[in-house]
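Below is one structure, written out as structure tokens, with a few remarks after it.
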2 protein chains.
Amino acid sequence: MRITPLSELVRRAECFQQLLRENAIDGAILVQNSDLFYFTGSIQRGVLFFPAEGEPVYLVIKDFARARMESGLKNVHSLSGLRGLPDKLTELGYRVAGKVGMELDVLPVQLYQRYLNLLPGIEISDVSSLVRQVRAVKSTYEIAIMQDCAVLAEKTYEYAKTVIEAGKTDLEIAAELECYARKEGHQGVIRFRGFNSELYFGHVFSGADGAVPAYLDAPLGGLGLTPAVGQGASYKTINAGEPIIIDFIIAYDGYLVDQTRTLSIGPLNEVLQQAYADMKRVQDKLYAIARPGVAWGDIYQQCHDLAVEMGYQDNFMGSSGAQVSFIGHGIGIEVDEFPFLARGFDQQVLEKNMTFAFEPKAVFPGQGAVGIENTWRVTDDGLQRLTFANETLVEL
Amino acid sequence: MRITPLSELVRRAECFQQLLRENAIDGAILVQNSDLFYFTGSIQRGVLFFPAEGEPVYLVIKDFARARMESGLKNVHSLSGLRGLPDKLTELGYRVAGKVGMELDVLPVQLYQRYLNLLPGIEISDVSSLVRQVRAVKSTYEIAIMQDCAVLAEKTYEYAKTVIEAGKTDLEIAAELECYARKEGHQGVIRFRGFNSELYFGHVFSGADGAVPAYLDAPLGGLGLTPAVGQGASYKTINAGEPIIIDFIIAYDGYLVDQTRTLSIGPLNEVLQQAYADMKRVQDKLYAIARPGVAWGDIYQQCHDLAVEMGYQDNFMGSSGAQVSFIGHGIGIEVDEFPFLARGFDQQVLEKNMTFAFEPKAVFPGQGAVGIENTWRVTDDGLQRLTFANETLVEL
């Protein structure tokens, strides 16, 4: 079990506070689990207040003793309830006034209104994109955790090869991989920032099920077990000659990696084999062009254009009518972090130590999906691949 | 795989629309996954619009074909994006004006502001408690699904008895139960309404770990694998003579049941044995007093008072300093539905066919937790227990 080191917390706070000052924001109140974990090392229920300058303070409603053990922050105090927030901050010498930032991308309206009532006279402004900006660039410490995730991703994939067999269902395979990863320390909870976004480990599909589109903003969805969830593995039986997709998220010590591999029992038909090779070419394209300074949307466009050139206009990143307009997504504590390697993001550029998953996939209705996904780190002059499982189109 | 019958959707819509009219609200826009599933049978991404009177309309951004297959609603239409919402509603003959309800308990501020901009001139009011009110009272159809969940809860618990052994870790047991339940159709995703609330299947604890308090508004938390999650099973090894808690949520076909059982390898000490018997007495108290018309807070108070009378003022529903002020919570599509059997809810009363989990637990720092939890249905003259696993304090 890792406890986030103090030096990490200090560096993160400094980056965020600098952005607050650059944007003329007087302070920020952060409350969401992922952001609390990032800035305090804990998710104990409470409020993290950042003045634009000076020490942040973590006021904890429940459980204070645990927060005190988990957080390296200097100022961790107990708070009896949200009502006591203004007095507690005043008592500790903090001044909450002017423009105060909150995470308006995730904060529910009811809670927002409660803060407006609690702190009359302040102007609440949205700092969610500033938080995301800080969190997008990873430290050596964070990347080391993601490398541990990648080790488990590789082991889980190798394990998959030993349990996949014709006649088993997608669900059985999914359950066995989940169990394997859990015993190795997978934290279970996988966090999204987006409203209504949910994911359970990832996706194990065989054949046509891999081509079923879903509500999620993702190239693959799957039939799932119920319309109440509407994605993921189903009761479908695995047959020879079908593409089998293992799209699996490892969540460990608070961080995530995303990795997809394709395999089959016996050979795939030529179209699918070619599509797999072509998706790897899209990945090669990424590797050739991605480096600090390149626009997110530019990477999307060049890789997308290559896929279209190769004939996948109706199959790339979903089947016709259900295609998504991204190929990659930032990943760290959440699945949907900055950067978005997506259409239209022409102003924002890659920075050193951003980490993202890149998932070129080709979808063939009635047949299934093939593709590859790795989690990458931006280096000084290109990319480092964090996930390292064998990329061969495996025939079991 | 169940598809929600049309008659269910019609009845649910009628109940909700009647509440809209009673509260002088002209219409409602619902967007959250749980509410979409309840009112449409699907969670495909889109907007569900309810006029105060007349047919609701489900406008689907992704995936329309799938929503059309999953939803029995008469009016399901494709929507290219949120921007097109006002025109599409007008085109279909709907008038969005006046006071329009949204789910302000879960809707993020950014999205709320987007709707305000999209629909200028309307007044957005909070209908989350109306939605929760409708959803709290279950139909025969819904209760049948919850009974299926209860069957799986019982089987999973029986399976637990076969895999628990000294020397294994809590995590190993948790992973094996998760795997077992998944193969039987557990949907994985467990939904909360509350901001920042998360749960992964539930909790498997042995000994002192069961007494570690956590951020969640729950009597038990557990150490978990990382402060990034801060709850759940840990790497702790199971020993003889410790209380083992199996607090497990079954999520199946969109519905949930919550069930807790306590066991041990070899006998527990007398204090813990007595505490378990006493927690069952709290459950007996519930059974004796709960019926339609009784206030939620009244049930809480009477059961709480009994626990205090028996000497558990520092152990009931958490250890001293980390006690929670509820004993039961409504359950259905989400873990935190109405009713709240909690302190202070003196105006709201039980109604026939409400379903809730009731979880009297006693926590002893350094030793662990014992307790029991069942999911109940309110009947004409009392309660029906939906979960039915054997309640004996099992000694393995």
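If you're wondering about the labels, chains in the structure tokens are A, B, ... by order shown, residues count from 1 in each chain, ligands from 1 in order shown.
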Distance filter 7 Å, only C-alpha atoms, chain A against chain B, as JSON, numbers by chain: {"A": [1, 2, 32, 33, 37, 41, 42, 43, 44, 45, 62, 63, 70, 104, 105, 106, 107, 108, 109, 110, 171, 172, 175, 176, 179, 182, 183, 185, 187, 188, 189, 196, 200, 213, 214, 215, 225, 226, 227, 228, 230, 253, 254, 322]}
Every residue of region 191-298 of chain B that DSSP places in alpha helix (DSSP H), as number ranges by chain: B: 270-289, 296-298
Shell around Leu119 (chain A) at 9 Å using only C-alpha atoms, local window under 3 positions removed, as a PyMOL selection string: chain A and resi 85-86+96-97+114-116+122
Shell of 9 Å around Gln347 (chain A), only C-alpha atoms, local chain residues under 5 positions omitted, as a ChimeraX atom specification: /A:295-297
Just-selected residues, N, CA, C and O atoms written as a PDB file, in the first residue's frame:
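What ended up in result.pdb:
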```
ATOM      1  N   ALA A 295      -0.472  19.040 -31.437  1.00  0.00           N
ATOM      2  CA  ALA A 295      -1.861  19.242 -30.988  1.00  0.00           C
ATOM      3  C   ALA A 295      -2.601  17.909 -30.882  1.00  0.00           C
ATOM      4  O   ALA A 295      -2.423  17.021 -31.726  1.00  0.00           O
ATOM      5  N   TRP A 296      -3.432  17.795 -29.850  1.00  0.00           N
ATOM      6  CA  TRP A 296      -4.197  16.570 -29.631  1.00  0.00           C
ATOM      7  C   TRP A 296      -5.022  16.204 -30.873  1.00  0.00           C
ATOM      8  O   TRP A 296      -5.056  15.050 -31.297  1.00  0.00           O
ATOM      9  N   GLY A 297      -5.687  17.232 -31.412  1.00  0.00           N
ATOM     10  CA  GLY A 297      -6.567  17.007 -32.560  1.00  0.00           C
ATOM     11  C   GLY A 297      -5.799  16.636 -33.814  1.00  0.00           C
ATOM     12  O   GLY A 297      -6.323  15.958 -34.701  1.00  0.00           O
TER      13      GLY A 297
END
```
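Distance annotation: of A:Gln348, A:Gly222, A:Asn374, A:Asp298, the residue with the minimal separation from Gly318 (chain A) is A:Gly222; atom set is only C-alpha atoms.
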Neighbour list for region 16-21 of chain B as a ChimeraX atom specification, cut-off 12 Å, only C-alpha atoms, skip fewer than 2 positions in-chain: /B:9-14,23-30,35,38-39,49-56,99-102,125-137
Expected answer as a count of residues only: strand (DSSP E) residues in region 46-131 of chain B: 24
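Nearest residue to Ala251 (chain A) among A:Thr162, A:Thr237, A:Gln274, A:Gln147 is A:Gln147, counting only C-alpha atoms.
Close contacts of Asp381 (chain A), defined as residues with an atom at most 9 Å away when counting only C-alpha atoms, with chain neighbours fewer than 6 positions off set aside, comprise Ala290, Arg291, Pro292 and Lys352 of chain A.
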Shell around Ile245 (chain A) at 7 Å using only C-alpha atoms, local window under 4 positions removed, as a VMD selection string: chain A and resid 204 to 206 260 to 263 370
